[in-house]
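*Asks:* Below you'll find the structure I mean.
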Amino acid sequence: MTTSLTALPAARGPVSAALLEILRDPGRQTAVDLRDADPFGDDLHLALHLCYELHYRGLPGVDADREWDTALLRIRAQLENTFRSALRDAVPGGSDADAELDALLTERDADGAVGFLLAEGEWWHVRELFAHRSVYHLKEADPHAWVIPRLSGPAKAGLVAVEFDEFGGGHADRVHAKLFADLLAAADLPDGYLALLEHVPGPMLALVNMMSMFGLHRSSRGALVGHFAAAEITTAPGAQRMDRILRRLDAPEACRFFYTEHIEADAVHEQVMRHEVVGGLLAAEPELAADVVLGVQATGFLEAQLDQHLLGCWRAGLSSLRRPLP
């Protein structure tokens with residue numbers, strides 16, 4: 001891989017500026033004021049993303065021990081509470097997990113950003129989409145691994161089986177994060193971990209932050225399972241559409257391979273997640289049904305937010321990124 005994130009990113013507002021000051025100076029006592037913060041905006045989600053990265057691969061210039069810095073954990077909790085409350089307010093809720101998952105199985109005509117790419121998208125649009133998705137796909141399935149010790153029985157066994165495939169089935173060159181790095185390199189983009197963070201705006205960061213938030217809290221294990229099931233159910237048809245787009249644009253084979261790999265694998269994962277993971281979890285803990293529904297609905301809401309951002313920019317002839325790609 002090429003160089004990953006080598007320095008802390010620039011602030012995107014007062015919230016991330018305050019957090020960055022604390023990251024650079026452990027002794028600094030800086031308050032984070034969230035009263036005017038957009039719960040889905042760039043500023044809050046850059047700050048939250050940096051807090052979470054301390055639990056993944058760390059941040060440049062920040063001591064690894066600060067993963068458990070109480071001041072940073074307090075700020076993270078403030079950010080999470082704001083985000084979680086906004087998510088709950090944004091979705092209808094409910095407790096019928098089967099109905100929510102059934103709705104995802106209904107085949108729809110491609111619309112939104114994918115419909116745009118199918119009909120008239122150009123290579124620069126696709127490269128921008130790759131940049132957005134890099135924030136997740138270069139750590140694909142890592143956020144979901146947090147939930148493994150919080151499950152038991154069929155739910156645990158099924159989720160680990162899916163994760164085993166996501167991590168290459170024991171083969172380093174087949175790890176999905178590695179396949180996406182290969183895709184980025186083939187598209188002539190930086191393929192290092194978080195190398196494109198400065199380019200990616202809030203809607204994509206919010207989507208990844210949702211995964212981390214659900215995964216890092218035992219109380220949100222149902223929401224994480226609901227999110228993961230929704231992702232696996234919708235990935236195969238989405239990957240088929242992306243392959244059609246890439247074939248039309250005569251994209252490099254490494255770009256297509258990432259998606260064709262997901263078409264078959266996630267068709268199987270869909271069944272495992274639906275019956276063994278969600279079914280097993282709710283058989284053991286039926287009181288988590290509303291949390292599973294939250295995970296499904298929150299995923300749909302945040303994906304729609306990202307889709308609106310992409311389509312709005314592209315229809316206006318504008319870049320969807322914060323800064324031009326290299």
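Residue numbering restarts at 1 for every chain of the structure tokens, chains are lettered A, B, ... in their displayed order, and ligands are numbered from 1 as they appear.
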Pick out the residues sitting within 6 Å of stretch 288-291 of chain A, and hand them over as a list in words; count only C-alpha atoms, and ignore anything fewer than 4 positions along from it in its own chain.
*Replies:*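 Close residues of stretch 288-291 of chain A: Gly94, Ser95, Gly222 and Ala223 of chain A.
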*Asks:* Restricted to N, CA, C and O atoms, what would the selected residues look like written as a compact mmCIF listing (two decimals), in the first residue's frame?
*Replies:*
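Okay, again00.txt is ready:
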# COMPACT_ATOMS: atom_id res chain seq x y z
N GLY A 94 -39.62 0.83 15.41
CA GLY A 94 -40.48 -0.35 15.33
C GLY A 94 -39.75 -1.56 15.88
O GLY A 94 -38.60 -1.46 16.34
N SER A 95 -40.40 -2.71 15.81
CA SER A 95 -39.79 -3.93 16.35
C SER A 95 -39.99 -5.14 15.44
O SER A 95 -39.70 -6.26 15.84
N GLY A 222 -27.55 -5.38 19.07
CA GLY A 222 -28.66 -5.64 18.17
C GLY A 222 -28.64 -4.70 16.97
O GLY A 222 -28.91 -5.12 15.84
N ALA A 223 -28.32 -3.43 17.20
CA ALA A 223 -28.25 -2.46 16.10
C ALA A 223 -27.13 -2.81 15.14
O ALA A 223 -27.28 -2.68 13.92
*Asks:* Within 7 Å of A:Pro201, counting only C-alpha atoms, which residues qualify if same-chain residues fewer than 5 places away don't, as a PDB file with all heavy atoms, in the first residue's frame?
*Replies:*
ATOM      1  N   ASP A  42     -19.966  17.607   8.766  1.00  0.00           N
ATOM      2  CA  ASP A  42     -18.531  17.335   8.637  1.00  0.00           C
ATOM      3  C   ASP A  42     -17.784  17.506   9.949  1.00  0.00           C
ATOM      4  O   ASP A  42     -16.917  16.692  10.291  1.00  0.00           O
ATOM      5  CB  ASP A  42     -17.912  18.285   7.596  1.00  0.00           C
ATOM      6  CG  ASP A  42     -18.119  17.819   6.177  1.00  0.00           C
ATOM      7  OD1 ASP A  42     -19.272  17.538   5.798  1.00  0.00           O
ATOM      8  OD2 ASP A  42     -17.129  17.725   5.450  1.00  0.00           O
ATOM      9  N   LEU A 321     -16.432  15.752  -3.456  1.00  0.00           N
ATOM     10  CA  LEU A 321     -15.380  15.661  -2.441  1.00  0.00           C
ATOM     11  C   LEU A 321     -15.014  17.038  -1.920  1.00  0.00           C
ATOM     12  O   LEU A 321     -15.325  18.071  -2.529  1.00  0.00           O
ATOM     13  CB  LEU A 321     -14.154  14.980  -3.032  1.00  0.00           C
ATOM     14  CG  LEU A 321     -14.372  13.543  -3.513  1.00  0.00           C
ATOM     15  CD1 LEU A 321     -13.163  13.040  -4.285  1.00  0.00           C
ATOM     16  CD2 LEU A 321     -14.673  12.612  -2.338  1.00  0.00           C
ATOM     17  N   ARG A 322     -14.323  17.062  -0.798  1.00  0.00           N
ATOM     18  CA  ARG A 322     -13.927  18.330  -0.187  1.00  0.00           C
ATOM     19  C   ARG A 322     -12.760  18.969  -0.914  1.00  0.00           C
ATOM     20  O   ARG A 322     -12.573  20.189  -0.830  1.00  0.00           O
ATOM     21  CB  ARG A 322     -13.538  18.094   1.271  1.00  0.00           C
ATOM     22  CG  ARG A 322     -14.700  17.736   2.176  1.00  0.00           C
ATOM     23  CD  ARG A 322     -14.238  17.474   3.602  1.00  0.00           C
ATOM     24  NE  ARG A 322     -13.494  18.601   4.138  1.00  0.00           N
ATOM     25  CZ  ARG A 322     -14.046  19.672   4.700  1.00  0.00           C
ATOM     26  NH1 ARG A 322     -15.365  19.760   4.793  1.00  0.00           N
ATOM     27  NH2 ARG A 322     -13.301  20.651   5.176  1.00  0.00           N
TER      28      ARG A 322
END
*Asks:* For A:Gly27, list every protein, DNA or RNA residue within 12 Å, evaluated using only C-alpha atoms, and leave out those in the same chain fewer than 2 positions away; present the list as number ranges by chain.
*Replies:* A: 21-25, 29-30, 66, 69-72
*Asks:* Give me the residues within 12 Å of A:Thr235 as a list in words, counting only C-alpha atoms and dropping any in the same chain fewer than 6 places off.
*Replies:*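 Counting only the stated atoms, we get Leu104, Leu105, Phe228, Ala229, Arg241, Met242, Phe258, Tyr259, Thr260, Glu261, His262, Ile263, Glu264, Ala265, Asp266, Ala267, Val268, His269 and Glu270 of chain A.
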*Asks:* Restricting it to all heavy atoms, dump the selection as a short mmCIF file (atom, residue, chain, number, x, y, z; two decimals), in the first residue's frame.
*Replies:*
data_model
loop_
_atom_site.label_atom_id
_atom_site.label_comp_id
_atom_site.auth_asym_id
_atom_site.auth_seq_id
_atom_site.Cartn_x
_atom_site.Cartn_y
_atom_site.Cartn_z
N LEU A 104 -35.95 -5.04 2.21
CA LEU A 104 -34.66 -4.88 1.52
C LEU A 104 -34.51 -5.86 0.36
O LEU A 104 -33.69 -5.64 -0.53
CB LEU A 104 -33.51 -5.11 2.51
CG LEU A 104 -33.42 -4.13 3.67
CD1 LEU A 104 -32.28 -4.52 4.60
CD2 LEU A 104 -33.23 -2.70 3.17
N LEU A 105 -35.31 -6.94 0.38
CA LEU A 105 -35.21 -7.96 -0.67
C LEU A 105 -35.98 -7.58 -1.93
O LEU A 105 -35.83 -8.23 -2.96
CB LEU A 105 -35.74 -9.30 -0.15
CG LEU A 105 -34.92 -9.94 0.99
CD1 LEU A 105 -35.68 -11.11 1.58
CD2 LEU A 105 -33.56 -10.38 0.48
N PHE A 228 -25.45 -4.88 9.90
CA PHE A 228 -24.65 -5.82 9.12
C PHE A 228 -25.55 -6.65 8.21
O PHE A 228 -25.22 -6.91 7.05
CB PHE A 228 -23.86 -6.72 10.07
CG PHE A 228 -22.67 -7.40 9.46
CD1 PHE A 228 -22.22 -7.12 8.18
CD2 PHE A 228 -21.97 -8.37 10.19
CE1 PHE A 228 -21.12 -7.76 7.62
CE2 PHE A 228 -20.86 -9.02 9.65
CZ PHE A 228 -20.44 -8.72 8.36
N ALA A 229 -26.71 -7.06 8.72
CA ALA A 229 -27.65 -7.81 7.88
C ALA A 229 -28.13 -6.96 6.71
O ALA A 229 -28.20 -7.44 5.56
CB ALA A 229 -28.84 -8.26 8.73
N ARG A 241 -24.68 -3.97 -10.08
CA ARG A 241 -24.83 -2.69 -10.79
C ARG A 241 -23.47 -2.02 -11.00
O ARG A 241 -23.19 -1.46 -12.06
CB ARG A 241 -25.77 -1.78 -10.02
CG ARG A 241 -27.21 -2.28 -9.97
CD ARG A 241 -28.12 -1.26 -9.31
NE ARG A 241 -29.47 -1.76 -9.20
CZ ARG A 241 -30.06 -2.13 -8.07
NH1 ARG A 241 -29.40 -2.05 -6.93
NH2 ARG A 241 -31.30 -2.58 -8.07
N MET A 242 -22.63 -2.06 -9.96
CA MET A 242 -21.30 -1.45 -10.11
C MET A 242 -20.49 -2.15 -11.19
O MET A 242 -19.76 -1.50 -11.94
CB MET A 242 -20.55 -1.48 -8.77
CG MET A 242 -20.97 -0.41 -7.78
SD MET A 242 -20.80 1.29 -8.42
CE MET A 242 -19.04 1.35 -8.82
N PHE A 258 -13.16 -6.45 -7.39
CA PHE A 258 -13.66 -6.18 -6.04
C PHE A 258 -15.16 -6.40 -5.98
O PHE A 258 -15.68 -6.98 -5.01
CB PHE A 258 -13.32 -4.75 -5.62
CG PHE A 258 -13.91 -4.38 -4.29
CD1 PHE A 258 -13.31 -4.78 -3.10
CD2 PHE A 258 -15.09 -3.64 -4.21
CE1 PHE A 258 -13.87 -4.46 -1.87
CE2 PHE A 258 -15.65 -3.31 -2.98
CZ PHE A 258 -15.04 -3.72 -1.82
N TYR A 259 -15.88 -5.96 -6.99
CA TYR A 259 -17.34 -6.07 -6.98
C TYR A 259 -17.81 -7.46 -7.37
O TYR A 259 -18.76 -7.99 -6.76
CB TYR A 259 -17.95 -5.00 -7.89
CG TYR A 259 -17.74 -3.62 -7.31
CD1 TYR A 259 -16.72 -2.79 -7.77
CD2 TYR A 259 -18.53 -3.16 -6.26
CE1 TYR A 259 -16.50 -1.54 -7.21
CE2 TYR A 259 -18.31 -1.91 -5.68
CZ TYR A 259 -17.30 -1.11 -6.17
OH TYR A 259 -17.07 0.13 -5.59
N THR A 260 -17.19 -8.09 -8.35
CA THR A 260 -17.62 -9.44 -8.72
C THR A 260 -17.38 -10.42 -7.59
O THR A 260 -18.15 -11.37 -7.41
CB THR A 260 -16.92 -9.91 -10.01
OG1 THR A 260 -15.49 -9.85 -9.83
CG2 THR A 260 -17.31 -9.04 -11.20
N GLU A 261 -16.35 -10.20 -6.80
CA GLU A 261 -16.09 -11.03 -5.63
C GLU A 261 -17.25 -10.95 -4.63
O GLU A 261 -17.59 -11.93 -3.97
CB GLU A 261 -14.79 -10.58 -4.95
CG GLU A 261 -14.46 -11.27 -3.64
CD GLU A 261 -13.97 -12.70 -3.81
OE1 GLU A 261 -13.78 -13.15 -4.96
OE2 GLU A 261 -13.77 -13.37 -2.77
N HIS A 262 -17.88 -9.78 -4.54
CA HIS A 262 -18.97 -9.58 -3.58
C HIS A 262 -20.30 -10.13 -4.08
O HIS A 262 -21.19 -10.37 -3.26
CB HIS A 262 -19.12 -8.09 -3.27
CG HIS A 262 -18.12 -7.58 -2.28
ND1 HIS A 262 -16.79 -7.38 -2.60
CD2 HIS A 262 -18.23 -7.22 -0.97
CE1 HIS A 262 -16.15 -6.92 -1.55
NE2 HIS A 262 -17.00 -6.81 -0.54
N ILE A 263 -20.47 -10.30 -5.38
CA ILE A 263 -21.76 -10.73 -5.90
C ILE A 263 -22.12 -12.11 -5.38
O ILE A 263 -23.21 -12.33 -4.82
CB ILE A 263 -21.77 -10.71 -7.45
CG1 ILE A 263 -21.66 -9.26 -7.95
CG2 ILE A 263 -23.04 -11.37 -7.98
CD1 ILE A 263 -21.44 -9.14 -9.45
N GLU A 264 -21.21 -13.05 -5.53
CA GLU A 264 -21.49 -14.42 -5.10
C GLU A 264 -21.39 -14.56 -3.59
O GLU A 264 -22.26 -15.16 -2.95
CB GLU A 264 -20.52 -15.40 -5.78
CG GLU A 264 -20.79 -16.85 -5.41
CD GLU A 264 -19.89 -17.81 -6.18
OE1 GLU A 264 -19.19 -17.37 -7.10
OE2 GLU A 264 -19.90 -19.00 -5.83
N ALA A 265 -20.34 -13.98 -3.01
CA ALA A 265 -20.12 -14.15 -1.56
C ALA A 265 -21.28 -13.58 -0.76
O ALA A 265 -21.78 -14.23 0.18
CB ALA A 265 -18.82 -13.46 -1.16
N ASP A 266 -21.75 -12.39 -1.12
CA ASP A 266 -22.77 -11.76 -0.29
C ASP A 266 -24.16 -12.33 -0.54
O ASP A 266 -25.05 -12.15 0.31
CB ASP A 266 -22.75 -10.25 -0.51
CG ASP A 266 -21.58 -9.60 0.22
OD1 ASP A 266 -20.68 -10.34 0.63
OD2 ASP A 266 -21.55 -8.38 0.37
N ALA A 267 -24.36 -13.03 -1.65
CA ALA A 267 -25.63 -13.75 -1.83
C ALA A 267 -25.76 -14.86 -0.79
O ALA A 267 -26.85 -15.12 -0.26
CB ALA A 267 -25.71 -14.33 -3.24
N VAL A 268 -24.62 -15.49 -0.46
CA VAL A 268 -24.61 -16.52 0.59
C VAL A 268 -24.71 -15.85 1.96
O VAL A 268 -25.45 -16.29 2.84
CB VAL A 268 -23.34 -17.37 0.50
CG1 VAL A 268 -23.27 -18.36 1.66
CG2 VAL A 268 -23.29 -18.10 -0.83
N HIS A 269 -23.96 -14.76 2.14
CA HIS A 269 -23.95 -14.06 3.43
C HIS A 269 -25.34 -13.58 3.81
O HIS A 269 -25.70 -13.56 5.00
CB HIS A 269 -23.00 -12.87 3.37
CG HIS A 269 -21.56 -13.25 3.23
ND1 HIS A 269 -20.56 -12.33 3.02
CD2 HIS A 269 -20.96 -14.47 3.29
CE1 HIS A 269 -19.40 -12.97 2.94
NE2 HIS A 269 -19.61 -14.25 3.11
N GLU A 270 -26.11 -13.17 2.82
CA GLU A 270 -27.47 -12.70 3.08
C GLU A 270 -28.28 -13.73 3.85
O GLU A 270 -28.95 -13.41 4.84
CB GLU A 270 -28.16 -12.39 1.74
CG GLU A 270 -29.64 -12.13 1.85
CD GLU A 270 -30.33 -12.27 0.51
OE1 GLU A 270 -29.74 -11.85 -0.52
OE2 GLU A 270 -31.45 -12.81 0.48
#
*Asks:* Let's see if you can do this: from backbone DSSP, list all helix (DSSP H, G or I) residues in stretch 10-152 of chain A, as a ChimeraX atom specification.
*Replies:* /A:14-24,42-53,64-68,70-90,97-104,112-120,123-137,142-145,148-150
*Asks:* Need to verify the contact set: A:Leu184, 10 Å, only C-alpha atoms, exclusion of same-chain residues closer than 2 positions in sequence. Can you return it as an MDAnalysis selection string?
*Replies:* chainID A and resid 1 127 130:131 134 138 178:182 186:192 254:255
*Asks:* So which residues touch A:Phe83 within 10 Å, counting only C-alpha atoms, skipping near sequence neighbours fewer than 5 positions away, as a short mmCIF file (atom, residue, chain, number, x, y, z; two decimals) with C-alpha atoms, in the first residue's frame?
*Replies:*
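Written file, result.cif:
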data_model
loop_
_atom_site.label_atom_id
_atom_site.label_comp_id
_atom_site.auth_asym_id
_atom_site.auth_seq_id
_atom_site.Cartn_x
_atom_site.Cartn_y
_atom_site.Cartn_z
CA ASP A 38 -24.94 19.50 12.95
CA PRO A 39 -25.35 15.88 14.15
CA PHE A 40 -24.75 14.68 10.58
CA GLY A 41 -22.21 17.33 9.57
CA LEU A 44 -18.88 16.49 14.32
CA HIS A 45 -18.15 13.44 12.22
CA LEU A 48 -15.95 11.33 16.09
CA ALA A 77 -19.46 10.01 24.57
CA GLN A 78 -20.78 13.55 23.98
CA ARG A 88 -33.21 7.71 16.49
CA ASP A 89 -35.20 10.85 15.65
CA ALA A 206 -21.27 9.39 9.42
CA ASN A 209 -19.06 6.19 12.46
CA MET A 210 -22.44 4.50 12.83
CA MET A 213 -20.55 3.31 17.43
#
*Asks:* Please determine, counting only C-alpha atoms, which residue among A:Leu73, A:Phe214, A:Leu281, A:Arg323 has the shortest atom-to-atom distance to A:Leu87.
*Replies:*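 Of the candidates, the smallest distance to A:Leu87 is held by A:Phe214.
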*Asks:* I'd like the contact shell of A:Val160 - 10 Å cut-off, only C-alpha atoms, skipping same-chain residues fewer than 2 positions apart - returned as a list in words.
*Replies:*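 Here the answer would be His144, Ala145, Val147, Ile148, Pro154, Ala155, Lys156, Ala157, Gly158, Val162, Glu163, Phe164, Asp165, Glu166 and Val277 of chain A.
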*Asks:* Tell me which of A:Gly115, A:Gly226, A:Gly93, A:Gly168 sits closest to A:Thr299, counting only C-alpha atoms.
*Replies:* A:Gly226
*Asks:* One decimal, Å: what's the distance from atom CA of A:Leu118 over to atom CA of A:Leu183, could you say?
*Replies:*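 One can read the atom CA of A:Leu118 to atom CA of A:Leu183 distance as 19.0 Å.
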*Asks:* Identify which of the residues A:His132, A:His217, A:Arg247, A:Arg150 lies closest to A:Ala195, counting only C-alpha atoms when measuring atom-to-atom distances.
*Replies:*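 Once distances to A:Ala195 are computed over only C-alpha atoms, the minimum belongs to A:His132.
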*Asks:* Compare A:Ala172, A:Leu311, A:Ala86, A:Met204 by their minimum atom-to-atom distance to A:Ala298, counting only C-alpha atoms, and give me the closest one.
*Replies:* A:Ala86
